file structure.cif (mmCIF, C-alpha atoms)
data_final
loop_
_atom_site.group_PDB
_atom_site.id
_atom_site.type_symbol
_atom_site.label_atom_id
_atom_site.label_comp_id
_atom_site.auth_asym_id
_atom_site.auth_seq_id
_atom_site.Cartn_x
_atom_site.Cartn_y
_atom_site.Cartn_z
ATOM 1 C CA MET X 1 43.154 124.094 99.994
ATOM 2 C CA ALA X 2 39.731 125.318 100.915
ATOM 3 C CA ARG X 3 40.791 126.296 104.419
ATOM 4 C CA THR X 4 41.960 129.728 105.539
ATOM 5 C CA LYS X 5 43.336 130.691 108.926
ATOM 6 C CA GLN X 6 40.589 133.242 109.319
ATOM 7 C CA THR X 7 37.656 130.912 109.746
ATOM 8 C CA ALA X 8 38.814 127.313 109.910
ATOM 9 C CA ARG X 9 41.511 125.138 111.310
ATOM 10 C CA ARG X 10 42.210 121.460 111.598
ATOM 11 C CA SER X 11 41.531 120.364 115.142
ATOM 12 C CA THR X 12 42.312 117.410 117.345
ATOM 13 C CA GLY X 13 40.026 118.684 120.039
ATOM 14 C CA GLY X 14 42.476 120.971 121.813
ATOM 15 C CA LEU X 15 42.142 124.709 122.179
ATOM 16 C CA ALA X 16 44.645 126.674 120.168
ATOM 17 C CA PRO X 17 45.976 129.953 121.597
ATOM 18 C CA ARG X 18 44.124 133.075 120.583
ATOM 19 C CA ALA X 19 44.707 136.777 121.103
ATOM 20 C CA PHE X 20 41.346 138.426 121.681
ATOM 21 C CA GLY X 21 41.021 141.944 122.993
ATOM 22 C CA SER X 22 39.776 145.423 122.362
ATOM 23 C CA SER X 23 41.185 146.994 119.239
ATOM 24 C CA PRO X 24 42.733 150.471 119.668
ATOM 25 C CA THR X 25 41.468 151.299 116.182
ATOM 26 C CA THR X 26 37.882 150.604 117.257
ATOM 27 C CA GLN X 27 38.189 152.777 120.360
ATOM 28 C CA SER X 28 39.520 155.657 118.299
ATOM 29 C CA VAL X 29 36.625 155.292 115.846
ATOM 30 C CA VAL X 30 34.129 155.455 118.732
ATOM 31 C CA ALA X 31 35.834 158.578 120.081
ATOM 32 C CA ASP X 32 35.807 160.215 116.637
ATOM 33 C CA ILE X 33 32.108 159.437 116.144
ATOM 34 C CA TYR X 34 31.171 161.065 119.439
ATOM 35 C CA GLN X 35 33.479 164.037 118.955
ATOM 36 C CA ASN X 36 32.193 164.789 115.455
ATOM 37 C CA THR X 37 28.500 163.901 115.768
ATOM 38 C CA LYS X 38 27.874 163.658 119.520
ATOM 39 C CA THR X 39 26.404 160.215 118.824
ATOM 40 C CA ARG X 40 26.651 157.840 121.742
ATOM 41 C CA CYS X 41 27.797 154.394 120.667
ATOM 42 C CA ILE X 42 29.205 151.133 121.975
ATOM 43 C CA ALA X 43 31.806 148.866 120.318
ATOM 44 C CA VAL X 44 31.714 145.127 120.928
ATOM 45 C CA GLU X 45 33.221 142.031 119.392
ATOM 46 C CA GLY X 46 31.382 138.806 118.797
ATOM 47 C CA GLU X 47 33.060 135.470 118.217
ATOM 48 C CA VAL X 48 31.946 131.889 117.781
ATOM 49 C CA GLU X 49 33.459 128.474 117.110
ATOM 50 C CA MET X 50 31.596 125.537 115.626
ATOM 51 C CA GLN X 51 32.693 121.950 115.073
ATOM 52 C CA VAL X 52 32.012 120.253 111.737
ATOM 53 C CA ASP X 53 32.981 116.817 110.456
ATOM 54 C CA PRO X 54 35.365 116.763 107.468
ATOM 55 C CA ASP X 55 34.044 115.254 104.249
ATOM 56 C CA MET X 56 37.489 115.028 102.616
ATOM 57 C CA SER X 57 40.811 113.648 103.794
ATOM 58 C CA HIS X 58 44.119 113.422 101.944
ATOM 59 C CA LEU X 59 46.533 110.707 103.124
ATOM 60 C CA SER X 60 50.198 110.389 102.168
ATOM 61 C CA LEU X 61 51.636 106.946 102.864
ATOM 62 C CA GLU X 62 54.991 105.415 102.018
ATOM 63 C CA LEU X 63 55.487 101.895 100.708
ATOM 64 C CA ARG X 64 59.014 100.436 100.806
ATOM 65 C CA ARG X 65 60.411 97.024 99.912
ATOM 66 C CA GLU X 66 64.003 95.798 99.824
ATOM 67 C CA ALA X 67 65.986 92.896 98.377
ATOM 68 C CA LYS X 68 69.593 92.113 97.487
ATOM 69 C CA ASP X 69 68.780 92.642 93.820
ATOM 70 C CA ALA X 70 67.285 95.935 92.607
ATOM 71 C CA GLY X 71 64.939 94.102 90.250
ATOM 72 C CA ASP X 72 63.632 91.905 93.065
ATOM 73 C CA ALA X 73 63.056 94.980 95.241
ATOM 74 C CA LEU X 74 61.034 96.559 92.432
ATOM 75 C CA ASP X 75 59.009 93.356 91.959
ATOM 76 C CA LEU X 76 58.214 93.235 95.681
ATOM 77 C CA LEU X 77 57.207 96.886 95.579
ATOM 78 C CA LEU X 78 54.887 96.348 92.613
ATOM 79 C CA ASP X 79 53.309 93.322 94.326
ATOM 80 C CA SER X 80 52.684 95.345 97.479
ATOM 81 C CA LEU X 81 51.316 98.233 95.419
ATOM 82 C CA ALA X 82 48.899 95.872 93.702
ATOM 83 C CA ARG X 83 47.838 94.634 97.140
ATOM 84 C CA THR X 84 47.326 98.259 98.217
ATOM 85 C CA ARG X 85 45.020 98.908 95.264
ATOM 86 C CA GLU X 86 43.128 95.715 96.034
ATOM 87 C CA ILE X 87 42.590 96.863 99.624
ATOM 88 C CA ALA X 88 41.425 100.231 98.311
ATOM 89 C CA ARG X 89 38.826 98.582 96.097
ATOM 90 C CA THR X 90 37.449 96.478 98.962
ATOM 91 C CA ILE X 91 37.013 99.642 101.035
ATOM 92 C CA GLY X 92 35.152 101.353 98.201
ATOM 93 C CA LEU X 93 37.856 103.595 96.745
ATOM 94 C CA SER X 94 38.234 104.071 93.001
ATOM 95 C CA GLU X 95 41.427 103.945 90.951
ATOM 96 C CA ASP X 96 41.461 107.752 90.856
ATOM 97 C CA ASP X 97 41.487 107.864 94.672
ATOM 98 C CA VAL X 98 44.882 106.092 94.840
ATOM 99 C CA ILE X 99 47.750 108.022 93.242
ATOM 100 C CA THR X 100 51.442 107.127 93.277
ATOM 101 C CA ASP X 101 54.411 109.479 93.005
ATOM 102 C CA SER X 102 57.971 110.052 94.233
ATOM 103 C CA VAL X 103 59.433 106.659 93.276
ATOM 104 C CA SER X 104 62.993 106.247 94.548
ATOM 105 C CA PHE X 105 65.757 103.601 94.747
ATOM 106 C CA HIS X 106 68.789 103.491 97.001
ATOM 107 C CA GLN X 107 71.110 101.062 98.754
ATOM 108 C CA ARG X 108 71.241 100.276 102.443
ATOM 109 C CA LYS X 109 74.425 98.946 104.006
ATOM 110 C CA ILE X 110 74.177 95.778 106.108
ATOM 111 C CA ASN X 111 76.683 95.262 108.928
ATOM 112 C CA ASN X 112 77.050 91.573 109.771
ATOM 113 C CA ASP X 113 80.145 91.859 112.005
ATOM 114 C CA ASP X 114 78.688 93.225 115.209
ATOM 115 C CA ASP X 115 80.938 91.023 117.394
ATOM 116 C CA GLU X 116 84.183 92.496 116.134
ATOM 117 C CA SER X 117 85.672 95.634 117.594
ATOM 118 C CA ASP X 118 85.658 98.869 115.640
ATOM 119 C CA ASP X 119 89.462 98.835 115.375
ATOM 120 C CA GLU X 120 89.493 95.326 113.944
ATOM 121 C CA GLU X 121 86.747 96.241 111.473
ATOM 122 C CA GLU X 122 88.645 99.316 110.316
ATOM 123 C CA GLU X 123 91.865 97.319 109.845
ATOM 124 C CA GLU X 124 90.063 94.618 107.868
ATOM 125 C CA GLU X 125 88.282 97.198 105.737
ATOM 126 C CA GLU X 126 91.593 98.900 104.940
ATOM 127 C CA GLU X 127 93.115 95.547 103.917
ATOM 128 C CA GLU X 128 90.095 94.731 101.736
ATOM 129 C CA LYS X 129 90.270 98.150 100.086
ATOM 130 C CA LYS X 130 93.980 97.648 99.295
ATOM 131 C CA LYS X 131 93.082 94.358 97.618
ATOM 132 C CA GLY X 132 90.281 96.046 95.706
ATOM 133 C CA LYS X 133 87.625 94.151 97.606
ATOM 134 C CA SER X 134 84.972 95.095 100.140
ATOM 135 C CA LYS X 135 83.205 92.914 102.689
ATOM 136 C CA ASP X 136 80.282 95.358 102.974
ATOM 137 C CA GLU X 137 76.898 93.973 101.998
ATOM 138 C CA TYR X 138 74.058 96.063 100.647
ATOM 139 C CA VAL X 139 70.386 95.659 99.945
ATOM 140 C CA HIS X 140 68.416 97.651 97.405
ATOM 141 C CA GLN X 141 65.381 99.584 98.596
ATOM 142 C CA ALA X 142 62.507 100.610 96.340
ATOM 143 C CA THR X 143 60.127 103.232 97.727
ATOM 144 C CA VAL X 144 56.961 104.862 96.424
ATOM 145 C CA VAL X 145 54.674 107.481 97.992
ATOM 146 C CA VAL X 146 50.978 106.688 97.732
ATOM 147 C CA ARG X 147 48.451 109.535 97.883
ATOM 148 C CA ILE X 148 44.968 108.458 98.952
ATOM 149 C CA VAL X 149 41.898 110.662 98.713
ATOM 150 C CA LEU X 150 38.936 109.950 100.975
ATOM 151 C CA GLU X 151 35.848 111.878 99.942
ATOM 152 C CA GLY X 152 32.183 111.725 100.878
ATOM 153 C CA GLU X 153 31.144 108.417 102.396
ATOM 154 C CA THR X 154 34.683 106.986 102.309
ATOM 155 C CA VAL X 155 35.808 109.458 104.994
ATOM 156 C CA ARG X 156 33.827 107.349 107.452
ATOM 157 C CA HIS X 157 36.307 104.526 106.774
ATOM 158 C CA PHE X 158 39.291 106.629 107.871
ATOM 159 C CA ASN X 159 40.305 104.296 110.708
ATOM 160 C CA GLU X 160 39.811 101.186 108.566
ATOM 161 C CA VAL X 161 41.900 102.687 105.785
ATOM 162 C CA MET X 162 44.741 103.538 108.147
ATOM 163 C CA ILE X 163 44.777 100.090 109.761
ATOM 164 C CA GLN X 164 44.530 98.167 106.482
ATOM 165 C CA PHE X 165 47.281 100.115 104.752
ATOM 166 C CA LEU X 166 49.633 100.190 107.743
ATOM 167 C CA ALA X 167 49.139 96.445 108.163
ATOM 168 C CA ASN X 168 50.157 96.071 104.512
ATOM 169 C CA GLY X 169 53.606 97.359 105.439
ATOM 170 C CA MET X 170 53.067 101.038 104.703
ATOM 171 C CA LYS X 171 53.958 103.934 106.959
ATOM 172 C CA SER X 172 52.844 107.553 107.056
ATOM 173 C CA HIS X 173 54.768 109.893 104.768
ATOM 174 C CA SER X 174 53.187 113.130 106.023
ATOM 175 C CA PRO X 175 50.241 114.014 108.296
ATOM 176 C CA PRO X 176 46.738 113.709 106.835
ATOM 177 C CA VAL X 177 44.950 116.846 105.674
ATOM 178 C CA TYR X 178 41.242 117.251 106.410
ATOM 179 C CA GLU X 179 38.893 119.419 104.378
ATOM 180 C CA ARG X 180 35.258 120.424 104.088
ATOM 181 C CA SER X 181 33.688 120.914 100.660
ATOM 182 C CA ASP X 182 31.058 123.400 101.903
ATOM 183 C CA LEU X 183 33.448 125.412 104.048
ATOM 184 C CA ASN X 184 32.197 128.739 102.679
ATOM 185 C CA GLU X 185 28.667 127.896 103.819
ATOM 186 C CA CYS X 186 30.006 126.958 107.261
ATOM 187 C CA ARG X 187 31.843 130.293 107.400
ATOM 188 C CA ALA X 188 28.618 132.148 106.612
ATOM 189 C CA VAL X 189 26.826 130.391 109.481
ATOM 190 C CA ALA X 190 29.722 131.154 111.846
ATOM 191 C CA ARG X 191 29.737 134.850 110.919
ATOM 192 C CA LYS X 192 25.971 135.055 111.424
ATOM 193 C CA ASP X 193 26.284 133.476 114.870
ATOM 194 C CA ALA X 194 29.199 135.788 115.721
ATOM 195 C CA THR X 195 27.065 138.806 114.830
ATOM 196 C CA GLN X 196 24.257 137.538 117.069
ATOM 197 C CA ASN X 197 26.841 137.117 119.818
ATOM 198 C CA ALA X 198 27.895 140.761 119.382
ATOM 199 C CA ILE X 199 24.267 141.917 119.680
ATOM 200 C CA ALA X 200 23.811 139.850 122.853
ATOM 201 C CA ARG X 201 27.008 141.300 124.359
ATOM 202 C CA ALA X 202 26.055 144.898 123.621
ATOM 203 C CA THR X 203 22.547 144.356 125.016
ATOM 204 C CA ALA X 204 23.926 142.772 128.183
ATOM 205 C CA ILE X 205 26.365 145.645 128.727
ATOM 206 C CA LEU X 206 23.646 148.283 128.416
ATOM 207 C CA SER X 207 21.343 146.274 130.684
ATOM 208 C CA GLY X 208 24.073 146.270 133.310
ATOM 209 C CA LEU X 209 23.916 150.067 133.469
ATOM 210 C CA ASN X 210 20.347 149.882 134.852
ATOM 211 C CA ASP X 211 19.478 152.967 132.817
ATOM 212 C CA SER X 212 15.951 152.718 131.423
ATOM 213 C CA THR X 213 16.403 155.848 129.314
ATOM 214 C CA ILE X 214 18.706 154.216 126.763
ATOM 215 C CA LYS X 215 18.610 151.190 124.516
ATOM 216 C CA LEU X 216 20.646 149.537 121.782
ATOM 217 C CA GLY X 217 20.257 151.181 118.393
ATOM 218 C CA ALA X 218 21.233 150.277 114.842
ATOM 219 C CA PRO X 219 24.769 149.201 113.954
ATOM 220 C CA LEU X 220 26.986 151.945 112.583
ATOM 221 C CA THR X 221 29.833 149.691 111.389
ATOM 222 C CA ILE X 222 30.378 145.946 111.097
ATOM 223 C CA ASN X 223 33.833 144.518 110.433
ATOM 224 C CA ASP X 224 34.960 140.944 109.829
ATOM 225 C CA VAL X 225 38.080 140.527 111.990
ATOM 226 C CA GLN X 226 41.045 138.310 111.086
ATOM 227 C CA ILE X 227 41.594 135.537 113.625
ATOM 228 C CA ASP X 228 45.136 134.271 114.070
ATOM 229 C CA VAL X 229 44.561 130.636 115.038
ATOM 230 C CA SER X 230 47.338 128.093 115.434
ATOM 231 C CA ASP X 231 46.858 124.744 113.731
ATOM 232 C CA ASP X 232 46.808 122.318 116.655
ATOM 233 C CA ALA X 233 46.512 119.225 114.439
ATOM 234 C CA SER X 234 49.873 119.694 112.744
ATOM 235 C CA GLY X 235 51.751 116.420 112.801
ATOM 236 C CA SER X 236 48.746 114.288 113.763
ATOM 237 C CA PHE X 237 49.088 110.637 112.718
ATOM 238 C CA ASN X 238 52.600 111.283 111.456
ATOM 239 C CA TYR X 239 55.320 108.601 111.714
ATOM 240 C CA CYS X 240 52.718 105.848 112.001
ATOM 241 C CA SER X 241 53.788 102.319 111.079
ATOM 242 C CA ILE X 242 53.011 98.697 111.897
ATOM 243 C CA PHE X 243 55.385 95.774 111.512
ATOM 244 C CA ASN X 244 55.231 94.217 108.063
ATOM 245 C CA MET X 245 52.556 91.526 108.026
ATOM 246 C CA THR X 246 52.675 90.708 104.338
ATOM 247 C CA PRO X 247 52.824 86.936 103.608
ATOM 248 C CA SER X 248 56.321 85.520 103.404
ATOM 249 C CA LYS X 249 57.272 84.066 100.007
ATOM 250 C CA ALA X 250 60.143 82.124 101.557
ATOM 251 C CA MET X 251 57.728 79.418 102.768
ATOM 252 C CA GLY X 252 57.390 78.132 99.232
ATOM 253 C CA ALA X 253 54.366 75.869 99.534
ATOM 254 C CA GLU X 254 51.064 77.301 98.326
ATOM 255 C CA GLU X 255 49.186 75.931 101.340
ATOM 256 C CA ASP X 256 51.655 77.610 103.695
ATOM 257 C CA GLU X 257 51.094 80.927 101.903
ATOM 258 C CA LYS X 258 47.329 80.536 102.295
ATOM 259 C CA THR X 259 47.812 79.838 105.997
ATOM 260 C CA GLU X 260 50.047 82.872 106.341
ATOM 261 C CA GLU X 261 47.414 84.985 104.582
ATOM 262 C CA ARG X 262 44.735 83.814 107.011
ATOM 263 C CA VAL X 263 47.020 84.605 109.940
ATOM 264 C CA LYS X 264 47.618 88.072 108.517
ATOM 265 C CA ARG X 265 43.902 88.738 108.144
ATOM 266 C CA ALA X 266 43.300 87.598 111.722
ATOM 267 C CA ARG X 267 46.050 89.925 112.987
ATOM 268 C CA THR X 268 44.618 92.816 111.010
ATOM 269 C CA ASP X 269 41.166 92.188 112.469
ATOM 270 C CA ARG X 270 42.623 92.211 115.985
ATOM 271 C CA LEU X 271 44.475 95.437 115.250
ATOM 272 C CA GLN X 272 41.252 96.961 113.920
ATOM 273 C CA ARG X 273 39.464 96.171 117.169
ATOM 274 C CA ALA X 274 42.375 97.135 119.426
ATOM 275 C CA ILE X 275 43.752 100.378 117.959
ATOM 276 C CA GLY X 276 41.241 101.223 115.228
ATOM 277 C CA PRO X 277 39.441 103.753 117.471
ATOM 278 C CA LEU X 278 42.714 105.704 117.757
ATOM 279 C CA PHE X 279 42.579 106.627 114.071
ATOM 280 C CA VAL X 280 39.753 109.143 114.020
ATOM 281 C CA ALA X 281 39.455 112.009 111.553
ATOM 282 C CA PRO X 282 39.269 115.097 113.805
ATOM 283 C CA GLN X 283 36.521 117.638 113.404
ATOM 284 C CA LEU X 284 37.223 120.997 111.829
ATOM 285 C CA THR X 285 36.816 124.077 113.987
ATOM 286 C CA VAL X 286 35.210 126.869 111.975
ATOM 287 C CA ALA X 287 35.682 130.186 113.779
ATOM 288 C CA ALA X 288 34.456 133.707 113.065
ATOM 289 C CA ARG X 289 34.870 137.065 114.769
ATOM 290 C CA VAL X 290 33.114 140.340 114.015
ATOM 291 C CA GLN X 291 33.510 143.844 115.368
ATOM 292 C CA VAL X 292 30.360 145.974 115.592
ATOM 293 C CA ILE X 293 29.761 149.574 116.654
ATOM 294 C CA PHE X 294 26.153 150.160 117.762
ATOM 295 C CA GLU X 295 24.428 153.453 118.304
ATOM 296 C CA VAL X 296 23.046 154.027 121.802
ATOM 297 C CA VAL X 297 19.650 155.739 121.496
ATOM 298 C CA ASN X 298 16.989 157.045 123.845
ATOM 299 C CA ALA X 299 14.452 154.488 124.961
#
call {"tool": "encode", "arguments": {"input": "structure.cif", "output": "structure tokens"}}
result
Amino acid sequence: MARTKQTARRSTGGLAPRAFGSSPTTQSVVADIYQNTKTRCIAVEGEVEMQVDPDMSHLSLELRREAKDAGDALDLLLDSLARTREIARTIGLSEDDVITDSVSFHQRKINNDDDESDDEEEEEEEEEKKKGKSKDEYVHQATVVVRIVLEGETVRHFNEVMIQFLANGMKSHSPPVYERSDLNECRAVARKDATQNAIARATAILSGLNDSTIKLGAPLTINDVQIDVSDDASGSFNYCSIFNMTPSKAMGAEEDEKTEERVKRARTDRLQRAIGPLFVAPQLTVAARVQVIFEVVNA
């Protein structure tokens, strides 16, 4: 990750809690300077936050298919995965931008006797077990996690990517992660602005004294201060899913499948217009804070 808590955080637009205040260490330094050198000085802190658009986003989506036979479940999964890669190509993603991992298989029990009481079900199950039989039905589930990397121009298609993949029967596996490739340059700009903010604060404080015999002098110390910022985008776009709109193979006829595909595309287009604006890659908040001790000199 390129991000550190000191100068950047993922943001959904909210204000995360911060703990700003005068540092006891700074006050003791000021007292020591005056006691040892009789130099008048003033300690101030400057901070700034700036919003930048991410140019990278990492998505983790889950694709799951099920069938009574494990082989059929795997075939359905591979078909859906091929469809996912096809969607990725139409959006402008390369093969390297779509990575699969964490393939898993397991069974899911199906209960078809909802009308019977629990006692009756337990008695029947006990009888079936004594006979060496079981009336339980299971389906096999095949699941794969798909990692998608949006970088550069493709980040602009964030909402389209989310809608297209969710409409293909996928669901979010973990929240997206947003990054900035030139984060160090953004940090440098933020620190520069924070230093200017410290100068403005110190100047304003001295001006408030209405003492024309003093003015702000050169800085004696400059410290980059750690900022403890909570990540207020944690969990964003997690647990997202849309009902499965993949074409049904049970229809049989090729023309019916083509019709179903057209219906699916129309539904996806409507979803894109209706809820597409909800899927927006949040800006990154780059923050910096500096602590400066200035000398107070005669005007």
call {"tool": "resolve_selection", "arguments": {"input": "structure.cif", "expression": "the PyMOL selection byres ((chain X and resi 97) around 12)", "output": "number ranges by chain"}}
result
X: 56-60, 84-85, 88-89, 91-96, 98-100, 146-152, 154-155
call {"tool": "resolve_selection", "arguments": {"input": "structure.cif", "expression": "the PyMOL selection byres ((chain X and resi 200) around 12)", "output": "short mmCIF file (atom, residue, chain, number, x, y, z; two decimals) with C-alpha atoms, keeping the file's coordinate frame"}}
result
data_model
loop_
_atom_site.label_atom_id
_atom_site.label_comp_id
_atom_site.auth_asym_id
_atom_site.auth_seq_id
_atom_site.Cartn_x
_atom_site.Cartn_y
_atom_site.Cartn_z
CA VAL X 44 31.71 145.13 120.93
CA GLU X 45 33.22 142.03 119.39
CA GLY X 46 31.38 138.81 118.80
CA GLU X 47 33.06 135.47 118.22
CA ASP X 193 26.28 133.48 114.87
CA ALA X 194 29.20 135.79 115.72
CA THR X 195 27.06 138.81 114.83
CA GLN X 196 24.26 137.54 117.07
CA ASN X 197 26.84 137.12 119.82
CA ALA X 198 27.90 140.76 119.38
CA ILE X 199 24.27 141.92 119.68
CA ARG X 201 27.01 141.30 124.36
CA ALA X 202 26.06 144.90 123.62
CA THR X 203 22.55 144.36 125.02
CA ALA X 204 23.93 142.77 128.18
CA ILE X 205 26.36 145.65 128.73
CA LEU X 206 23.65 148.28 128.42
CA SER X 207 21.34 146.27 130.68
CA LEU X 216 20.65 149.54 121.78
CA VAL X 292 30.36 145.97 115.59
CA PHE X 294 26.15 150.16 117.76
#
call {"tool": "resolve_selection", "arguments": {"input": "structure.cif", "expression": "the PyMOL selection byres ((chain X and resi 65-69) around 9)", "output": "PyMOL selection string"}}
result
chain X and resi 63-64+70-77+80+107-108+137-143+169
call {"tool": "write_last_selection", "arguments": {"input": "structure.cif", "atoms": "C-alpha atoms", "output": "PDB file, in the coordinates of the input"}}
result
ATOM      1  CA  LEU X  63      55.487 101.895 100.708  1.00  0.00           C
ATOM      2  CA  ARG X  64      59.014 100.436 100.806  1.00  0.00           C
ATOM      3  CA  ALA X  70      67.285  95.935  92.607  1.00  0.00           C
ATOM      4  CA  GLY X  71      64.939  94.102  90.250  1.00  0.00           C
ATOM      5  CA  ASP X  72      63.632  91.905  93.065  1.00  0.00           C
ATOM      6  CA  ALA X  73      63.056  94.980  95.241  1.00  0.00           C
ATOM      7  CA  LEU X  74      61.034  96.559  92.432  1.00  0.00           C
ATOM      8  CA  ASP X  75      59.009  93.356  91.959  1.00  0.00           C
ATOM      9  CA  LEU X  76      58.214  93.235  95.681  1.00  0.00           C
ATOM     10  CA  LEU X  77      57.207  96.886  95.579  1.00  0.00           C
ATOM     11  CA  SER X  80      52.684  95.345  97.479  1.00  0.00           C
ATOM     12  CA  GLN X 107      71.110 101.062  98.754  1.00  0.00           C
ATOM     13  CA  ARG X 108      71.241 100.276 102.443  1.00  0.00           C
ATOM     14  CA  GLU X 137      76.898  93.973 101.998  1.00  0.00           C
ATOM     15  CA  TYR X 138      74.058  96.063 100.647  1.00  0.00           C
ATOM     16  CA  VAL X 139      70.386  95.659  99.945  1.00  0.00           C
ATOM     17  CA  HIS X 140      68.416  97.651  97.405  1.00  0.00           C
ATOM     18  CA  GLN X 141      65.381  99.584  98.596  1.00  0.00           C
ATOM     19  CA  ALA X 142      62.507 100.610  96.340  1.00  0.00           C
ATOM     20  CA  THR X 143      60.127 103.232  97.727  1.00  0.00           C
ATOM     21  CA  GLY X 169      53.606  97.359 105.439  1.00  0.00           C
TER      22      GLY X 169
END
call {"tool": "atom_distance", "arguments": {"input": "structure.cif", "atom1": "CA of Val290 (chain X)", "atom2": "CA of Gln27 (chain X)"}}
result
14.9 Å
call {"tool": "closest_residue", "arguments": {"input": "structure.cif", "among": "X:Ser172, X:Val177, X:Ile163, X:Thr39", "to": "Gln283 (chain X)", "atoms": "all atoms listed in the file"}}
result
X:Val177
call {"tool": "atom_distance", "arguments": {"input": "structure.cif", "atom1": "CA of His173 (chain X)", "atom2": "CA of Glu86 (chain X)"}}
result
20.3 Å
